[in-house]
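For reference, the structure is listed below as structure tokens.
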Amino acid sequence: MPSILKEWYEQEANSNYGAYIPFVGTVRDEDDIEGLSFDIYEPILNSWFKAWQARAKEKGAVIKMAHSKGDVMLHESSYIAAVFSPKRRVALEFIDEFVEDFKASAPIWKYDLKNGKRVYALDRSTALEGSGILK
Amino acid sequence: MPSILKEWYEQEANSNYGAYIPFVGTVRDEDDIEGLSFDIYEPILNSWFKAWQARAKEKGAVIKMAHSKGDVMLHESSYIAAVFSPKRRVALEFIDEFVEDFKASAPIWKYDLKNGKRVYALDRSTALEGSGILK
Amino acid sequence: MVRVEFLGPIQKEPLELDIKNLNELAEVLKSDNEMQKWLENSAVAVNDMLVSSRDIELREGDRVAILPPVCGG
Amino acid sequence: MVRVEFLGPIQKEPLELDIKNLNELAEVLKSDNEMQKWLENSAVAVNDMLVSSRDIELREGDRVAILPPVCGG
């Protein structure tokens, strides 16, 4: 298990949160890939994440996130997020909204690793909001 | 962090699930309680859980659960569940439905520990479906 | 005989009753002062299956459980 | 000058352009054959803020980023 889940749990051990919901995304063995690879644009990822931290704070919750850069092999975890909240309902809704917005908005690009090459996963990717304004 | 989360993760390490979502419920310090205490009626809990395992299997997912019996002190975890699924959407919906139905349907009774006594938490409890047929 | 058990916070020893159905059980429990408050919000299981109506016949050796409001987690 | 960077899978070196707004940037990129397919599905950030319209003036030293479709997780 990714050790960061334990670290996060210990960070909040005395914060009096009643619900802790991690999300662990793991690279699946499918389509004959050897693994996945990721590019991340950190400046925009960080400001996106700061906005989510502010939303969490408004609800008395805390959100944490980690994402791999570069290659991630089969059955390794590429993405981990977690929400801590006093109440379960807030936590359940928050992890869902956060993970979905992460998929739609985080500036991260995914590549299949096939025969040692990086192949951009265009068909599983989502255009960011506001895309196409230069066309 | 509850070690069972790691055990579950290792059990499914080679199952090729893409999403792992645990839910950890921890006893909060509130209302001057010293902790919580639980009674469990296992025969009905087990059949309820088996029905959920079957629902998970239908969706290609796996669900796991552990709940404390007896006393649980402040900041200790009383309840842990987890879903493993190939896809994130199934996992996010399943953990939410499972945890909510657990609250509404699992035959577990909660007591506040106050001044060393067990006080039944009637005001936070939910009547099971079909309650009142003998009144 | 039918064995009736009271779960969770209901502080009551099990009963062994000579009853044929849940209507008869309801009559017995209604006459019990300490049980009246629980009848409104408690569910009933017969042989560990929750039932949704009183329309249940009981047989020799059946087990009935009375389940007050729950709160796991 | 305005620096234009191409992120993720767009295999293109950064440009230093003498442009005043995103309309001028659009004209430059449309004339670039390898960029045409990306313009339809890419978003634009100015100084690391995503923008939702072309109605943006650019100043000396601004940085523009072109962001193709994403897939985290």
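We label chains A, B, ... in the order they appear in the structure tokens, count residues from 1 in each chain, and number ligands from 1 in the order shown.
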Practice task
Determine, counting only C-alpha atoms, which protein, DNA and RNA residues have an atom within 10 Å of an atom of Trp8 (chain B); residues of the same chain fewer than 6 positions away are not included. Present the result as a ChimeraX atom specification.
Solution key: /A:1 /B:20,22,63-65,81-84
What residues in chain A have any atom no more than 9 Å from chain D when counting only C-alpha atoms, and can you write them as a CSV table (one decimal) with all heavy atoms, in the first residue's frame?
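Result written to out.csv:
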```csv
chain,number,residue,atom,x,y,z
A,24,VAL,N,-7.3,5.5,-4.3
A,24,VAL,CA,-6.0,5.0,-4.9
A,24,VAL,C,-6.2,4.5,-6.3
A,24,VAL,O,-7.0,3.6,-6.5
A,24,VAL,CB,-5.4,3.9,-4.0
A,24,VAL,CG1,-4.1,3.4,-4.6
A,24,VAL,CG2,-5.2,4.3,-2.6
A,25,GLY,N,-5.6,5.2,-7.2
A,25,GLY,CA,-5.7,4.7,-8.6
A,25,GLY,C,-4.5,4.0,-9.0
A,25,GLY,O,-3.3,4.4,-8.8
A,26,THR,N,-4.7,2.8,-9.6
A,26,THR,CA,-3.6,1.8,-9.9
A,26,THR,C,-3.6,1.5,-11.4
A,26,THR,O,-4.7,1.4,-12.0
A,26,THR,CB,-3.8,0.5,-9.0
A,26,THR,OG1,-3.8,0.9,-7.7
A,26,THR,CG2,-2.7,-0.5,-9.3
A,27,VAL,N,-2.4,1.4,-11.9
A,27,VAL,CA,-2.3,1.1,-13.4
A,27,VAL,C,-2.8,-0.4,-13.6
A,27,VAL,O,-2.2,-1.3,-13.1
A,27,VAL,CB,-0.9,1.3,-13.9
A,27,VAL,CG1,-0.8,0.9,-15.3
A,27,VAL,CG2,-0.4,2.7,-13.6
A,38,PHE,N,3.2,9.8,-17.5
A,38,PHE,CA,2.5,11.1,-17.2
A,38,PHE,C,3.4,12.3,-17.4
A,38,PHE,O,4.5,12.3,-16.9
A,38,PHE,CB,1.8,11.1,-15.9
A,38,PHE,CG,0.9,10.0,-15.6
A,38,PHE,CD1,1.2,8.8,-15.1
A,38,PHE,CD2,-0.5,10.1,-16.0
A,38,PHE,CE1,0.3,7.7,-14.9
A,38,PHE,CE2,-1.4,9.1,-15.8
A,38,PHE,CZ,-1.0,7.9,-15.2
A,39,ASP,N,2.9,13.3,-18.0
A,39,ASP,CA,3.4,14.7,-17.9
A,39,ASP,C,2.5,15.5,-17.1
A,39,ASP,O,1.3,15.4,-17.1
A,39,ASP,CB,3.5,15.3,-19.3
A,39,ASP,CG,4.5,14.8,-20.2
A,39,ASP,OD1,5.5,14.2,-19.8
A,39,ASP,OD2,4.3,14.9,-21.5
A,40,ILE,N,3.1,16.3,-16.2
A,40,ILE,CA,2.3,17.2,-15.4
A,40,ILE,C,2.8,18.6,-15.6
A,40,ILE,O,4.0,18.9,-15.6
A,40,ILE,CB,2.5,16.8,-13.9
A,40,ILE,CG1,2.0,15.4,-13.6
A,40,ILE,CG2,1.9,17.8,-12.9
A,40,ILE,CD1,2.0,15.0,-12.2
A,41,TYR,N,1.8,19.6,-15.7
A,41,TYR,CA,2.2,21.0,-15.7
A,41,TYR,C,1.9,21.5,-14.3
A,41,TYR,O,0.7,21.9,-13.9
A,41,TYR,CB,1.4,21.7,-16.7
A,41,TYR,CG,1.9,23.2,-16.9
A,41,TYR,CD1,3.3,23.4,-17.2
A,41,TYR,CD2,1.1,24.2,-16.6
A,41,TYR,CE1,3.7,24.7,-17.3
A,41,TYR,CE2,1.6,25.5,-16.8
A,41,TYR,CZ,2.9,25.8,-17.1
A,41,TYR,OH,3.3,27.1,-17.1
A,43,PRO,N,2.5,24.4,-12.4
A,43,PRO,CA,1.9,25.7,-11.9
A,43,PRO,C,0.4,25.6,-12.0
A,43,PRO,O,-0.2,26.1,-11.0
A,43,PRO,CB,2.5,26.6,-13.0
A,43,PRO,CG,3.8,26.0,-13.4
A,43,PRO,CD,3.5,24.5,-13.5
A,44,ILE,N,-0.2,25.1,-13.0
A,44,ILE,CA,-1.7,25.1,-13.1
A,44,ILE,C,-2.3,24.0,-12.2
A,44,ILE,O,-3.3,24.2,-11.5
A,44,ILE,CB,-2.2,25.0,-14.5
A,44,ILE,CG1,-1.8,26.3,-15.3
A,44,ILE,CG2,-3.7,24.8,-14.6
A,44,ILE,CD1,-2.2,26.3,-16.7
A,47,SER,N,-2.4,25.5,-8.7
A,47,SER,CA,-3.5,26.5,-8.4
A,47,SER,C,-4.8,25.9,-8.4
A,47,SER,O,-5.7,26.2,-7.6
A,47,SER,CB,-3.4,27.7,-9.4
A,47,SER,OG,-3.4,27.3,-10.7
A,67,HIS,N,0.4,12.7,-7.2
A,67,HIS,CA,0.3,12.1,-8.6
A,67,HIS,C,1.7,11.8,-9.1
A,67,HIS,O,2.6,12.6,-8.9
A,67,HIS,CB,-0.4,13.0,-9.6
A,67,HIS,CG,-0.9,12.3,-10.8
A,67,HIS,ND1,-0.1,11.7,-11.7
A,67,HIS,CD2,-2.2,11.9,-11.2
A,67,HIS,CE1,-0.8,11.1,-12.7
A,67,HIS,NE2,-2.1,11.2,-12.3
A,68,SER,N,1.9,10.6,-9.7
A,68,SER,CA,3.2,10.3,-10.3
A,68,SER,C,3.5,11.1,-11.5
A,68,SER,O,2.6,11.4,-12.3
A,68,SER,CB,3.2,8.8,-10.7
A,68,SER,OG,3.0,8.0,-9.5
A,77,SER,N,0.5,2.3,-8.2
A,77,SER,CA,-0.4,3.4,-8.1
A,77,SER,C,0.1,4.6,-8.7
A,77,SER,O,1.3,5.0,-8.4
A,77,SER,CB,-0.9,3.6,-6.6
A,77,SER,OG,0.2,4.0,-5.9
A,78,SER,N,-0.7,5.3,-9.5
A,78,SER,CA,-0.3,6.5,-10.1
A,78,SER,C,-0.9,7.8,-9.5
A,78,SER,O,-0.4,8.9,-9.7
A,78,SER,CB,-0.7,6.5,-11.6
A,78,SER,OG,-2.1,6.3,-11.7
A,79,TYR,N,-1.9,7.6,-8.7
A,79,TYR,CA,-2.7,8.7,-8.3
A,79,TYR,C,-3.3,8.4,-6.9
A,79,TYR,O,-4.0,7.4,-6.8
A,79,TYR,CB,-3.8,9.0,-9.3
A,79,TYR,CG,-4.8,10.1,-8.8
A,79,TYR,CD1,-4.4,11.3,-8.3
A,79,TYR,CD2,-6.2,9.8,-8.9
A,79,TYR,CE1,-5.3,12.2,-7.9
A,79,TYR,CE2,-7.1,10.7,-8.5
A,79,TYR,CZ,-6.7,12.0,-8.0
A,79,TYR,OH,-7.6,12.9,-7.6
A,80,ILE,N,-3.1,9.3,-6.0
A,80,ILE,CA,-3.7,9.1,-4.6
A,80,ILE,C,-4.3,10.4,-4.2
A,80,ILE,O,-3.7,11.4,-4.3
A,80,ILE,CB,-2.7,8.6,-3.6
A,80,ILE,CG1,-2.0,7.3,-4.2
A,80,ILE,CG2,-3.3,8.2,-2.3
A,80,ILE,CD1,-0.8,6.9,-3.3
A,99,VAL,N,-12.4,13.8,-7.3
A,99,VAL,CA,-11.8,12.8,-8.3
A,99,VAL,C,-12.3,13.1,-9.7
A,99,VAL,O,-11.5,13.1,-10.7
A,99,VAL,CB,-12.0,11.4,-7.8
A,99,VAL,CG1,-11.7,10.4,-8.9
A,99,VAL,CG2,-11.2,11.1,-6.6
A,102,PHE,N,-10.7,16.3,-11.0
A,102,PHE,CA,-9.3,15.9,-11.3
A,102,PHE,C,-9.2,15.4,-12.7
A,102,PHE,O,-8.4,15.8,-13.5
A,102,PHE,CB,-8.8,15.0,-10.2
A,102,PHE,CG,-7.4,14.5,-10.5
A,102,PHE,CD1,-6.3,15.3,-10.0
A,102,PHE,CD2,-7.1,13.4,-11.2
A,102,PHE,CE1,-5.0,14.9,-10.3
A,102,PHE,CE2,-5.8,13.0,-11.4
A,102,PHE,CZ,-4.8,13.8,-11.0
A,103,LYS,N,-10.1,14.4,-13.0
A,103,LYS,CA,-10.0,13.8,-14.3
A,103,LYS,C,-10.3,14.8,-15.4
A,103,LYS,O,-9.7,14.7,-16.5
A,103,LYS,CB,-11.1,12.7,-14.4
A,103,LYS,CG,-10.8,11.4,-13.6
A,103,LYS,CD,-9.6,10.7,-14.0
A,103,LYS,CE,-9.7,9.9,-15.2
A,103,LYS,NZ,-8.5,9.0,-15.4
A,104,ALA,N,-11.2,15.8,-15.2
A,104,ALA,CA,-11.6,16.7,-16.2
A,104,ALA,C,-10.7,17.9,-16.3
A,104,ALA,O,-10.6,18.5,-17.4
A,104,ALA,CB,-13.0,17.1,-15.9
A,105,SER,N,-10.0,18.3,-15.2
A,105,SER,CA,-9.4,19.6,-15.1
A,105,SER,C,-7.9,19.6,-14.8
A,105,SER,O,-7.2,20.6,-15.1
A,105,SER,CB,-10.1,20.4,-14.1
A,105,SER,OG,-11.5,20.5,-14.3
A,106,ALA,N,-7.4,18.5,-14.2
A,106,ALA,CA,-6.0,18.6,-13.9
A,106,ALA,C,-5.1,18.5,-15.1
A,106,ALA,O,-5.3,17.7,-16.0
A,106,ALA,CB,-5.6,17.5,-12.9
A,107,PRO,N,-4.1,19.4,-15.2
A,107,PRO,CA,-3.2,19.5,-16.4
A,107,PRO,C,-2.2,18.4,-16.4
A,107,PRO,O,-1.0,18.6,-16.0
A,107,PRO,CB,-2.6,20.9,-16.3
A,107,PRO,CG,-2.6,21.2,-14.8
A,107,PRO,CD,-3.8,20.5,-14.3
A,108,ILE,N,-2.7,17.2,-16.7
A,108,ILE,CA,-1.9,16.0,-16.7
A,108,ILE,C,-2.1,15.2,-18.0
A,108,ILE,O,-3.3,15.1,-18.4
A,108,ILE,CB,-2.2,15.1,-15.5
A,108,ILE,CG1,-1.9,15.9,-14.2
A,108,ILE,CG2,-1.4,13.8,-15.5
A,108,ILE,CD1,-2.2,15.1,-12.9
A,109,TRP,N,-1.1,14.8,-18.6
A,109,TRP,CA,-1.2,14.0,-19.9
A,109,TRP,C,-0.7,12.6,-19.7
A,109,TRP,O,0.3,12.4,-19.1
A,109,TRP,CB,-0.5,14.8,-21.0
A,109,TRP,CG,-1.1,16.1,-21.2
A,109,TRP,CD1,-2.2,16.4,-22.0
A,109,TRP,CD2,-0.7,17.4,-20.6
A,109,TRP,NE1,-2.5,17.7,-21.9
A,109,TRP,CE2,-1.6,18.4,-21.0
A,109,TRP,CE3,0.3,17.7,-19.7
A,109,TRP,CZ2,-1.6,19.7,-20.6
A,109,TRP,CZ3,0.3,19.0,-19.2
A,109,TRP,CH2,-0.6,20.0,-19.7
A,110,LYS,N,-1.6,11.7,-20.2
A,110,LYS,CA,-1.3,10.3,-20.1
A,110,LYS,C,-0.8,9.6,-21.4
A,110,LYS,O,-1.4,9.9,-22.4
A,110,LYS,CB,-2.6,9.6,-19.6
A,110,LYS,CG,-2.5,8.1,-19.4
A,110,LYS,CD,-3.9,7.5,-19.0
A,110,LYS,CE,-4.2,7.8,-17.5
A,110,LYS,NZ,-5.5,7.2,-17.1
A,111,TYR,N,0.1,8.7,-21.2
A,111,TYR,CA,0.7,8.0,-22.4
A,111,TYR,C,0.6,6.5,-22.0
A,111,TYR,O,1.0,6.1,-20.9
A,111,TYR,CB,2.1,8.4,-22.6
A,111,TYR,CG,2.3,9.9,-22.8
A,111,TYR,CD1,2.4,10.8,-21.7
A,111,TYR,CD2,2.3,10.5,-24.1
A,111,TYR,CE1,2.5,12.1,-21.9
A,111,TYR,CE2,2.4,11.8,-24.3
A,111,TYR,CZ,2.5,12.7,-23.2
A,111,TYR,OH,2.6,14.0,-23.3
A,119,VAL,N,2.8,6.5,-26.0
A,119,VAL,CA,1.7,6.8,-27.0
A,119,VAL,C,0.7,7.6,-26.3
A,119,VAL,O,0.0,7.1,-25.4
A,119,VAL,CB,1.1,5.4,-27.6
A,119,VAL,CG1,0.1,5.8,-28.6
A,119,VAL,CG2,2.2,4.5,-28.1
A,120,TYR,N,0.5,8.8,-26.7
A,120,TYR,CA,-0.5,9.7,-26.1
A,120,TYR,C,-1.9,9.1,-26.1
A,120,TYR,O,-2.4,8.7,-27.1
A,120,TYR,CB,-0.5,11.0,-26.8
A,120,TYR,CG,-1.5,12.0,-26.4
A,120,TYR,CD1,-1.7,12.4,-25.1
A,120,TYR,CD2,-2.3,12.7,-27.4
A,120,TYR,CE1,-2.6,13.3,-24.7
A,120,TYR,CE2,-3.3,13.6,-27.0
A,120,TYR,CZ,-3.4,14.0,-25.7
A,120,TYR,OH,-4.3,14.9,-25.3
A,121,ALA,N,-2.6,9.1,-24.9
A,121,ALA,CA,-3.9,8.4,-24.8
A,121,ALA,C,-5.0,9.4,-25.2
A,121,ALA,O,-5.8,9.7,-24.3
A,121,ALA,CB,-4.0,7.9,-23.4
A,122,LEU,N,-5.0,9.9,-26.4
A,122,LEU,CA,-5.9,10.9,-26.8
A,122,LEU,C,-7.4,10.4,-26.6
A,122,LEU,O,-8.2,11.2,-26.2
A,122,LEU,CB,-5.7,11.2,-28.3
A,122,LEU,CG,-6.7,12.2,-28.9
A,122,LEU,CD1,-6.7,13.6,-28.2
A,122,LEU,CD2,-6.4,12.4,-30.4
A,124,ARG,N,-8.7,8.6,-24.5
A,124,ARG,CA,-9.2,8.6,-23.1
A,124,ARG,C,-9.1,10.0,-22.5
A,124,ARG,O,-9.4,10.2,-21.3
A,124,ARG,CB,-8.5,7.6,-22.2
A,124,ARG,CG,-8.9,6.2,-22.5
A,124,ARG,CD,-7.7,5.3,-22.9
A,124,ARG,NE,-6.8,5.1,-21.9
A,124,ARG,CZ,-5.5,4.7,-22.1
A,124,ARG,NH1,-5.0,4.6,-23.3
A,124,ARG,NH2,-4.7,4.5,-21.1
A,125,SER,N,-8.7,11.0,-23.2
A,125,SER,CA,-8.4,12.3,-22.7
A,125,SER,C,-9.6,13.2,-22.9
A,125,SER,O,-10.4,13.0,-23.8
A,125,SER,CB,-7.2,12.9,-23.3
A,125,SER,OG,-6.0,12.1,-23.1
A,126,THR,N,-9.7,14.3,-22.1
A,126,THR,CA,-10.8,15.2,-22.1
A,126,THR,C,-10.2,16.6,-22.4
A,126,THR,O,-9.3,17.1,-21.7
A,126,THR,CB,-11.4,15.3,-20.7
A,126,THR,OG1,-11.8,13.9,-20.3
A,126,THR,CG2,-12.7,16.1,-20.7
A,127,ALA,N,-10.8,17.3,-23.3
A,127,ALA,CA,-10.5,18.7,-23.6
A,127,ALA,C,-10.8,19.6,-22.4
A,127,ALA,O,-11.9,19.4,-21.8
A,127,ALA,CB,-11.1,19.2,-24.9
A,128,LEU,N,-9.9,20.4,-22.0
A,128,LEU,CA,-10.2,21.3,-20.8
A,128,LEU,C,-11.3,22.3,-21.2
A,128,LEU,O,-11.5,22.6,-22.4
A,128,LEU,CB,-8.9,22.1,-20.5
A,128,LEU,CG,-7.8,21.3,-19.9
A,128,LEU,CD1,-6.5,22.0,-19.9
A,128,LEU,CD2,-8.2,20.8,-18.4
A,129,GLU,N,-12.0,22.8,-20.2
A,129,GLU,CA,-13.0,23.8,-20.4
A,129,GLU,C,-12.4,25.0,-21.1
A,129,GLU,O,-11.3,25.4,-20.7
A,129,GLU,CB,-13.6,24.2,-19.0
A,129,GLU,CG,-15.1,24.6,-19.1
A,129,GLU,CD,-15.6,25.0,-17.8
A,129,GLU,OE1,-15.4,24.3,-16.8
A,129,GLU,OE2,-16.2,26.1,-17.7
A,130,GLY,N,-13.1,25.5,-22.1
A,130,GLY,CA,-12.5,26.7,-22.8
A,130,GLY,C,-11.6,26.3,-24.0
A,130,GLY,O,-11.0,27.1,-24.6
A,131,SER,N,-11.5,24.9,-24.2
A,131,SER,CA,-10.7,24.5,-25.3
A,131,SER,C,-11.2,25.0,-26.7
A,131,SER,O,-12.4,25.1,-26.8
A,131,SER,CB,-10.5,23.0,-25.3
A,131,SER,OG,-9.7,22.6,-24.3
A,132,GLY,N,-10.4,25.2,-27.6
A,132,GLY,CA,-10.8,25.5,-29.0
A,132,GLY,C,-10.9,27.0,-29.3
A,132,GLY,O,-11.2,27.4,-30.4
A,133,ILE,N,-10.5,27.9,-28.3
A,133,ILE,CA,-10.7,29.3,-28.5
A,133,ILE,C,-9.7,29.8,-29.6
A,133,ILE,O,-10.0,30.9,-30.2
A,133,ILE,CB,-10.5,30.2,-27.3
A,133,ILE,CG1,-9.2,30.0,-26.6
A,133,ILE,CG2,-11.6,29.9,-26.3
A,133,ILE,CD1,-8.9,31.0,-25.5
A,134,LEU,N,-8.7,29.1,-29.9
A,134,LEU,CA,-7.7,29.6,-30.9
A,134,LEU,C,-8.0,29.0,-32.3
A,134,LEU,O,-7.3,29.4,-33.3
A,134,LEU,CB,-6.3,29.2,-30.6
A,134,LEU,CG,-5.7,29.9,-29.3
A,134,LEU,CD1,-4.3,29.6,-29.2
A,134,LEU,CD2,-5.9,31.4,-29.4
A,135,LYS,N,-9.0,28.2,-32.4
A,135,LYS,CA,-9.2,27.5,-33.7
A,135,LYS,C,-9.9,28.4,-34.8
A,135,LYS,O,-10.5,29.4,-34.4
A,135,LYS,CB,-10.1,26.2,-33.5
A,135,LYS,CG,-11.6,26.5,-33.6
A,135,LYS,CD,-12.4,25.2,-33.5
A,135,LYS,CE,-13.8,25.6,-33.2
A,135,LYS,NZ,-14.6,24.5,-32.7
```
Problem - Interface residues on chain B facing chain A, 9 Å, only C-alpha atoms, written as a PyMOL selection string - result: chain B and resi 1-2+5-7+9-10+13-30+74-75+77+86+88-89+92-93+95-96+99-100
Selection to disk with C-alpha atoms, as a PDB file, in the first residue's frame:
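part_29.pdb, written as the output of this step:
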```pdb
ATOM      1  CA  MET B   1      -3.570   3.750  10.218  1.00  0.00           C
ATOM      2  CA  PRO B   2      -5.614   0.593  10.604  1.00  0.00           C
ATOM      3  CA  LEU B   5      -6.297  -1.422   4.985  1.00  0.00           C
ATOM      4  CA  LYS B   6      -2.839  -2.634   4.045  1.00  0.00           C
ATOM      5  CA  GLU B   7      -3.878  -6.275   4.312  1.00  0.00           C
ATOM      6  CA  TYR B   9      -4.651  -3.869  -0.461  1.00  0.00           C
ATOM      7  CA  GLU B  10      -2.152  -6.711  -0.519  1.00  0.00           C
ATOM      8  CA  ALA B  13      -2.469  -6.595  -5.327  1.00  0.00           C
ATOM      9  CA  ASN B  14      -2.669  -8.868  -8.365  1.00  0.00           C
ATOM     10  CA  SER B  15      -6.404  -8.575  -9.046  1.00  0.00           C
ATOM     11  CA  ASN B  16      -5.953  -5.792 -11.617  1.00  0.00           C
ATOM     12  CA  TYR B  17      -8.340  -3.326  -9.972  1.00  0.00           C
ATOM     13  CA  GLY B  18      -7.812   0.269 -11.057  1.00  0.00           C
ATOM     14  CA  ALA B  19      -9.557   1.965  -8.140  1.00  0.00           C
ATOM     15  CA  TYR B  20      -9.313   1.293  -4.393  1.00  0.00           C
ATOM     16  CA  ILE B  21     -11.449   3.411  -2.070  1.00  0.00           C
ATOM     17  CA  PRO B  22     -11.390   2.734   1.651  1.00  0.00           C
ATOM     18  CA  PHE B  23     -13.664   4.465   4.122  1.00  0.00           C
ATOM     19  CA  VAL B  24     -12.346   4.857   7.655  1.00  0.00           C
ATOM     20  CA  GLY B  25     -14.710   5.963  10.407  1.00  0.00           C
ATOM     21  CA  THR B  26     -13.004   7.311  13.509  1.00  0.00           C
ATOM     22  CA  VAL B  27     -14.487   8.158  16.908  1.00  0.00           C
ATOM     23  CA  ARG B  28     -14.652  11.937  17.267  1.00  0.00           C
ATOM     24  CA  ASP B  29     -14.090  13.850  20.473  1.00  0.00           C
ATOM     25  CA  GLU B  30     -17.470  15.546  20.952  1.00  0.00           C
ATOM     26  CA  LEU B  74     -11.524   8.653  21.016  1.00  0.00           C
ATOM     27  CA  HIS B  75      -9.583   8.918  17.753  1.00  0.00           C
ATOM     28  CA  SER B  77     -11.342   3.770  14.123  1.00  0.00           C
ATOM     29  CA  PRO B  86     -11.691  -1.927 -12.325  1.00  0.00           C
ATOM     30  CA  ARG B  88     -13.300   4.632 -10.740  1.00  0.00           C
ATOM     31  CA  ARG B  89     -16.959   5.530 -11.421  1.00  0.00           C
ATOM     32  CA  LEU B  92     -17.051   6.008  -6.182  1.00  0.00           C
ATOM     33  CA  GLU B  93     -20.736   5.146  -6.434  1.00  0.00           C
ATOM     34  CA  ILE B  95     -18.572   3.114  -1.586  1.00  0.00           C
ATOM     35  CA  ASP B  96     -21.208   5.834  -1.168  1.00  0.00           C
ATOM     36  CA  VAL B  99     -21.656   3.237   3.538  1.00  0.00           C
ATOM     37  CA  GLU B 100     -25.119   4.829   3.485  1.00  0.00           C
TER      38      GLU B 100
END
```
Practice task
Show which residues sit within 9 Å of Val2 (chain D), as a list in words. Count only C-alpha atoms, and ignore same-chain residues fewer than 6 positions away.
Solution key: Leu15, Glu16, Leu17, Asp18, Ile19, Lys20, Leu58, Arg59, Glu60, Gly61, Asp62, Arg63 and Val64 of chain D
Handout entry: Between CA of Asp112 (chain A) and CA of Gly35 (chain A), distance in Å (one decimal)
Key =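 Taking CA of Asp112 (chain A) and CA of Gly35 (chain A), their separation equals 6.3 Å.
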Problem - DSSP-assigned alpha helix (DSSP H) members of chain D, reported as a ChimeraX atom specification - result: /D:22-30,33-39
Practice task
Enumerate the residues of chain A with a DSSP assignment of strand (DSSP E or B), computed from the backbone, and present them as a PyMOL selection string.
Solution key: chain A and resi 19-26+35-40+62-67+70-73+77-85+108-114+117-120+126
Completion exercise
One decimal place gives the CA of Phe98 (chain B)-CA of Glu58 (chain B) separation as 14.4 Å
